[in-house]
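As structure tokens, the structure follows; a few thoughts come after it.
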Amino acid sequence: MKSTIETLISAALAALPPDLLGAEARATRPEVERTRDASHGDYASNVAMRHAKAARQNPRALAEAIVHALPADPSIARVEIAGPGFINFHLTAAAYHGELGAIIDRGAGYGVQPAGSGEKVLLEFVSANPTGPLHVGHGRHAAYGAALANLLTAAGHSVHREYYINDAGRQVDILAVSVWLRYLERLGEDVPFPSNGYKGEYLLPIAASLEAEASHKLRHSAAAIRTGLPPDEPEGGDKEQYVDAIINRSRELLGEDGFRRIVDHALGGMVADIRSDLAEMGVTFDRWFSERSLSTNGAIDEALRRLEQSGHTYRKDGALWFRATEFGDDEDRVVERENGVRTYFASDIAYHLDKRLRGFDRLIDVLGADHHGYVARVRGGLAAMGEPPDSLEVPLLQLVSLYRGGEKVAMGKREGNFVTLRQLRHEVGNDACRFYFVMRSHDQHLDFDLELAKSRTTDNPVFYIQYAHARVASVLRQLSERGLEHDVVRGRASLEHLTEPHERRLMVAMTRYPEVLALAAATRAPHTLVNYLRELANEVHSAYAAGNENAAHRVIVDDETLRDARLALFQAARQVIRNGLAILGVSAPDTM
RNA sequence: GCGCCCGUAGCUCAGUUGGAUAGAGCACCGACCUUCUAAGUCGGUGGUCGCAGGUUCGAAUCCUGCCGGGCGCGCCA
């Protein structure tokens, strides 16, 4: 509907004499938006005000000329000039009826742009370290990323979802040692657990499966492990030195192959846990990308080669530095240490180069707000390697706080009472989880109230929207219980019977859906869709409740044509709610 | 100190990339059940859009400077 207006205005602009309007003004796409106030019609455009200055015209006079040049169209009832020079379009009822028909025809595809009409997008999200279970904060990333992927797909982009597994570096060695020590514990070997190890119970089943798989083959005596180790922190030593010493000892005793076997087992266990956690939440990925693979397949070599060739590196103190300051970073960054080991940053730029080389136009990394410092750096890396830095886009998600009925839930790994994503999902359910995590703008700190998320009242927006869907389903059940049927063809042919103001408002609300979808995708803002669905649900409830005030306004009335028309209206509304909830990853139940 | 984000009703937040008289939900006051699910609907009270300048036909929105809050500034990952 919006594009119809845009086309009409463009045609009008093209028809104006050149001395009245320059070529530039003709070429720009006219801005058209829904009106806030119904008295201003359905759509409004500010083109006249936009171009008044360049055209040396009074905005209202220019608007006059534009309106005069507008081609006739059956969807336009009348056009008015208002205020400082707005052009207001009042649509005909037929225009809405046509759109309502489109909703019924296209069903789940309503509002969706043709696949492949947009960009090739690589969307990376969650990418939590595989050293512990996902917690509540990761839940926001999962819900946001999954909803954004759906939004972008609906907007016609081709979206590839990726999880970057940090399976390289010291943390992985610590993970492996932690699992090994739990394994040895099971076999009765008494080795004190490093204070810097991963102490969580989630490693116990992984240690158990290691025992089941390897039996005693990876066993070494406690004495052999402990002999000659420096003191751990509780004994007055340094916990970092201690854990490094025990990693080295493990390598000596197990050999590189044995140690690698434990690393792989531990990582495999953790990644499997994370993957199933996300899958239960309805969040899946097209690829789980291994950081380690970047060093084994030469991707890092290639990235560093590009940096050096383009002259953006130098040697200092034996290390290889990237001139990040040339690309707006605060300081230069080391990419290869004196000992030849590449830094995490080197993997990062290699990973992003790899994404580009795989042919993606747009790289979107969903990151926590605490990673913002990293954005300029990676962009700089891309630029230095000859890739467009703007191809990388990074929505930064703010923190999540949990509340239980107004009381803030203390969270912190130190207190040992941090809430896992699994616990949260089991307590409030997947629907509330998915919904609440995307309810607020991503750059807004999120307060997640557990009690509210569980409540089955109108304060709870997820129930409010689902209830609107269920109510329509209930009407359809009533219909068949009364032995009646919905004649779809007659309904579609009788839409002109929908003359009540609340029916009109409902049609207006549901036909906004494609515009909201496009906006939400373009601004990477699923919460826009959430707010819209709440408004649409309100119109559904309102139209439904009109039947309580006055039985003549019910859907199921004796007049068959009117009944079928109203059934078409409510069916369409239900379809749009269902489509919107699907994007968010929330179910649309028929009964509640 | 530098960088990023935020500041809108008593509370939690929207605000269609600069539009017309700034909106929801909660809370508070009131109206509507012989009901297609009242798990709902409708109305009312409530604002110096942090402050001060600037840009222009027009600013909550863009720019500058302050004030307040959050986060980040490793040859860790």
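Ligands are numbered from 1 in the order shown, residues from 1 within each chain, and chains are lettered A, B, ... in the order they appear in the structure tokens.
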Output as a PyMOL selection string the set of chain A residues within 8 Å of chain B, with distances taken over only C-alpha atoms (C1' of nucleotides). chain A and resi 33-34+46+49+83-84+166+169-171+319+334+336-338+343-344+369-373+440+443-444+456-459+463-464+467+471+474-475+478+519+531+541-542+545-549+554-556
Can you tell me which residues surround G18 in chain B at a distance of at most 10 Å, considering only C-alpha atoms (C1' of nucleotides), apart from same-chain residues fewer than 6 positions away, and format the answer as a PyMOL selection string? chain B and resi 56+58-59+61-62
Identify, with DSSP run on backbone atoms, the residues in range 386-483 of chain A assigned to helix (DSSP H, G or I), and express the list as a VMD selection string. chain A and resid 389 to 391 421 to 428 430 to 437 450 to 454 461 to 481
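The spacing separating CA of Val121 in chain A from CA of Leu392 in chain A amounts to 10.1 Å.
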For C49 in chain B, list every protein, DNA or RNA residue within 12 Å, evaluated using only C-alpha atoms (C1' of nucleotides), and leave out those in the same chain fewer than 6 positions away; present the list as a list of chain:residue names. B:G7, B:U8, B:A9, B:G15, B:A22, B:G23, B:A59, B:A60, B:U61
Among range 81-112 of chain A, which ones does DSSP assign to strand (DSSP E or B) (computed from the backbone)? Answer as a list in words.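 Selection result, strand (DSSP E or B) within range 81-112 of chain A: Ile81, Ala82, Phe86, Ile87, Asn88, Phe89, His90 and Leu91 of chain A.
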For the selection you just gave me, I'd like the residues written to a file as an mmCIF file, in the first residue's frame, keeping N, CA and C atoms.
data_model
loop_
_atom_site.group_PDB
_atom_site.id
_atom_site.type_symbol
_atom_site.label_atom_id
_atom_site.label_comp_id
_atom_site.auth_asym_id
_atom_site.auth_seq_id
_atom_site.Cartn_x
_atom_site.Cartn_y
_atom_site.Cartn_z
ATOM 1 N N ILE A 81 -4.176 18.786 1.330
ATOM 2 C CA ILE A 81 -2.956 19.469 1.744
ATOM 3 C C ILE A 81 -3.224 20.065 3.115
ATOM 4 N N ALA A 82 -2.312 19.841 4.030
ATOM 5 C CA ALA A 82 -2.580 20.259 5.401
ATOM 6 C C ALA A 82 -1.329 20.803 6.054
ATOM 7 N N PHE A 86 1.965 19.314 4.225
ATOM 8 C CA PHE A 86 1.824 17.858 4.128
ATOM 9 C C PHE A 86 0.806 17.521 3.056
ATOM 10 N N ILE A 87 1.061 16.414 2.366
ATOM 11 C CA ILE A 87 0.058 15.885 1.454
ATOM 12 C C ILE A 87 -0.509 14.639 2.108
ATOM 13 N N ASN A 88 -1.775 14.694 2.444
ATOM 14 C CA ASN A 88 -2.405 13.584 3.152
ATOM 15 C C ASN A 88 -3.251 12.751 2.212
ATOM 16 N N PHE A 89 -3.048 11.452 2.277
ATOM 17 C CA PHE A 89 -3.764 10.519 1.425
ATOM 18 C C PHE A 89 -4.797 9.747 2.238
ATOM 19 N N HIS A 90 -6.042 9.853 1.811
ATOM 20 C CA HIS A 90 -7.099 9.040 2.431
ATOM 21 C C HIS A 90 -7.369 7.874 1.492
ATOM 22 N N LEU A 91 -7.240 6.667 2.018
ATOM 23 C CA LEU A 91 -7.434 5.487 1.182
ATOM 24 C C LEU A 91 -8.909 5.095 1.128
#
If we count only C-alpha atoms (C1' of nucleotides), what is near His312 in chain A at a cut-off of 9 Å, once residues fewer than 5 positions away on the same chain are taken out, given as an MDAnalysis selection string? chainID A and resid 306:307 321:324 326 384:385
Spatial neighbours of Leu210 in chain A, 12 Å, only C-alpha atoms (C1' of nucleotides), chain gap at least 5 places, as a PyMOL selection string: chain A and resi 176+179-184+186-187+203-205+215-219+261-269
So which residues touch range 63-65 of chain B within 12 Å, counting only C-alpha atoms (C1' of nucleotides), skipping near sequence neighbours fewer than 5 positions away, as a PyMOL selection string? chain B and resi 51-55
Output all heavy atoms of each residue in that selection to a file, as an mmCIF file, in the first residue's frame.
data_model
loop_
_atom_site.group_PDB
_atom_site.id
_atom_site.type_symbol
_atom_site.label_atom_id
_atom_site.label_comp_id
_atom_site.auth_asym_id
_atom_site.auth_seq_id
_atom_site.Cartn_x
_atom_site.Cartn_y
_atom_site.Cartn_z
ATOM 1 P P C B 51 15.595 19.269 30.535
ATOM 2 O OP1 C B 51 14.374 19.986 30.985
ATOM 3 O OP2 C B 51 15.706 18.816 29.134
ATOM 4 O "O5'" C B 51 16.848 20.173 30.864
ATOM 5 C "C5'" C B 51 17.028 20.729 32.155
ATOM 6 C "C4'" C B 51 18.305 21.528 32.198
ATOM 7 O "O4'" C B 51 19.438 20.634 32.027
ATOM 8 C "C3'" C B 51 18.486 22.535 31.074
ATOM 9 O "O3'" C B 51 17.792 23.746 31.325
ATOM 10 C "C2'" C B 51 19.991 22.715 31.041
ATOM 11 O "O2'" C B 51 20.438 23.561 32.087
ATOM 12 C "C1'" C B 51 20.466 21.290 31.313
ATOM 13 N N1 C B 51 20.736 20.544 30.064
ATOM 14 C C2 C B 51 21.950 20.788 29.401
ATOM 15 O O2 C B 51 22.740 21.614 29.884
ATOM 16 N N3 C B 51 22.220 20.122 28.262
ATOM 17 C C4 C B 51 21.343 19.242 27.782
ATOM 18 N N4 C B 51 21.666 18.599 26.654
ATOM 19 C C5 C B 51 20.107 18.989 28.429
ATOM 20 C C6 C B 51 19.841 19.659 29.565
ATOM 21 P P A B 52 17.266 24.626 30.069
ATOM 22 O OP1 A B 52 16.516 25.771 30.630
ATOM 23 O OP2 A B 52 16.610 23.723 29.094
ATOM 24 O "O5'" A B 52 18.610 25.162 29.420
ATOM 25 C "C5'" A B 52 19.476 26.006 30.161
ATOM 26 C "C4'" A B 52 20.687 26.378 29.352
ATOM 27 O "O4'" A B 52 21.554 25.230 29.199
ATOM 28 C "C3'" A B 52 20.400 26.795 27.915
ATOM 29 O "O3'" A B 52 19.925 28.125 27.829
ATOM 30 C "C2'" A B 52 21.765 26.597 27.265
ATOM 31 O "O2'" A B 52 22.649 27.647 27.585
ATOM 32 C "C1'" A B 52 22.236 25.314 27.954
ATOM 33 N N9 A B 52 21.920 24.129 27.152
ATOM 34 C C8 A B 52 20.805 23.323 27.210
ATOM 35 N N7 A B 52 20.827 22.343 26.328
ATOM 36 C C5 A B 52 22.026 22.516 25.656
ATOM 37 C C6 A B 52 22.634 21.796 24.613
ATOM 38 N N6 A B 52 22.098 20.732 24.046
ATOM 39 N N1 A B 52 23.833 22.232 24.166
ATOM 40 C C2 A B 52 24.378 23.318 24.736
ATOM 41 N N3 A B 52 23.902 24.070 25.729
ATOM 42 C C4 A B 52 22.708 23.613 26.149
ATOM 43 P P G B 53 19.310 28.644 26.427
ATOM 44 O OP1 G B 53 18.583 29.899 26.679
ATOM 45 O OP2 G B 53 18.633 27.507 25.756
ATOM 46 O "O5'" G B 53 20.623 28.987 25.615
ATOM 47 C "C5'" G B 53 20.600 29.045 24.221
ATOM 48 C "C4'" G B 53 21.986 28.846 23.663
ATOM 49 O "O4'" G B 53 22.564 27.632 24.211
ATOM 50 C "C3'" G B 53 21.997 28.617 22.157
ATOM 51 O "O3'" G B 53 21.958 29.841 21.445
ATOM 52 C "C2'" G B 53 23.267 27.808 21.955
ATOM 53 O "O2'" G B 53 24.412 28.632 22.008
ATOM 54 C "C1'" G B 53 23.213 26.896 23.180
ATOM 55 N N9 G B 53 22.415 25.698 22.904
ATOM 56 C C8 G B 53 21.207 25.365 23.474
ATOM 57 N N7 G B 53 20.726 24.237 23.023
ATOM 58 C C5 G B 53 21.660 23.804 22.095
ATOM 59 C C6 G B 53 21.680 22.655 21.277
ATOM 60 O O6 G B 53 20.845 21.750 21.215
ATOM 61 N N1 G B 53 22.825 22.613 20.479
ATOM 62 C C2 G B 53 23.814 23.561 20.471
ATOM 63 N N2 G B 53 24.824 23.343 19.639
ATOM 64 N N3 G B 53 23.809 24.643 21.225
ATOM 65 C C4 G B 53 22.716 24.699 22.015
ATOM 66 P P G B 54 20.851 30.010 20.293
ATOM 67 O OP1 G B 54 20.849 31.423 19.877
ATOM 68 O OP2 G B 54 19.597 29.384 20.762
ATOM 69 O "O5'" G B 54 21.450 29.125 19.116
ATOM 70 C "C5'" G B 54 22.761 29.391 18.632
ATOM 71 C "C4'" G B 54 23.289 28.243 17.814
ATOM 72 O "O4'" G B 54 23.259 27.023 18.598
ATOM 73 C "C3'" G B 54 22.489 27.883 16.576
ATOM 74 O "O3'" G B 54 22.735 28.762 15.504
ATOM 75 C "C2'" G B 54 22.975 26.458 16.306
ATOM 76 O "O2'" G B 54 24.257 26.472 15.700
ATOM 77 C "C1'" G B 54 23.108 25.907 17.725
ATOM 78 N N9 G B 54 21.938 25.131 18.125
ATOM 79 C C8 G B 54 20.983 25.441 19.067
ATOM 80 N N7 G B 54 20.058 24.517 19.184
ATOM 81 C C5 G B 54 20.430 23.551 18.254
ATOM 82 C C6 G B 54 19.818 22.308 17.922
ATOM 83 O O6 G B 54 18.789 21.812 18.395
ATOM 84 N N1 G B 54 20.517 21.641 16.927
ATOM 85 C C2 G B 54 21.666 22.097 16.333
ATOM 86 N N2 G B 54 22.200 21.317 15.399
ATOM 87 N N3 G B 54 22.244 23.247 16.640
ATOM 88 C C4 G B 54 21.579 23.913 17.600
ATOM 89 P P U B 55 21.580 29.088 14.436
ATOM 90 O OP1 U B 55 22.027 30.200 13.586
ATOM 91 O OP2 U B 55 20.289 29.178 15.168
ATOM 92 O "O5'" U B 55 21.572 27.768 13.554
ATOM 93 C "C5'" U B 55 22.761 27.321 12.898
ATOM 94 C "C4'" U B 55 22.507 26.009 12.199
ATOM 95 O "O4'" U B 55 22.332 24.957 13.180
ATOM 96 C "C3'" U B 55 21.226 25.959 11.381
ATOM 97 O "O3'" U B 55 21.399 26.554 10.109
ATOM 98 C "C2'" U B 55 20.961 24.458 11.313
ATOM 99 O "O2'" U B 55 21.789 23.835 10.359
ATOM 100 C "C1'" U B 55 21.397 24.009 12.710
ATOM 101 N N1 U B 55 20.263 23.946 13.661
ATOM 102 C C2 U B 55 19.459 22.825 13.616
ATOM 103 O O2 U B 55 19.641 21.908 12.841
ATOM 104 N N3 U B 55 18.423 22.813 14.520
ATOM 105 C C4 U B 55 18.124 23.801 15.440
ATOM 106 O O4 U B 55 17.170 23.647 16.185
ATOM 107 C C5 U B 55 18.997 24.920 15.414
ATOM 108 C C6 U B 55 20.012 24.962 14.549
#
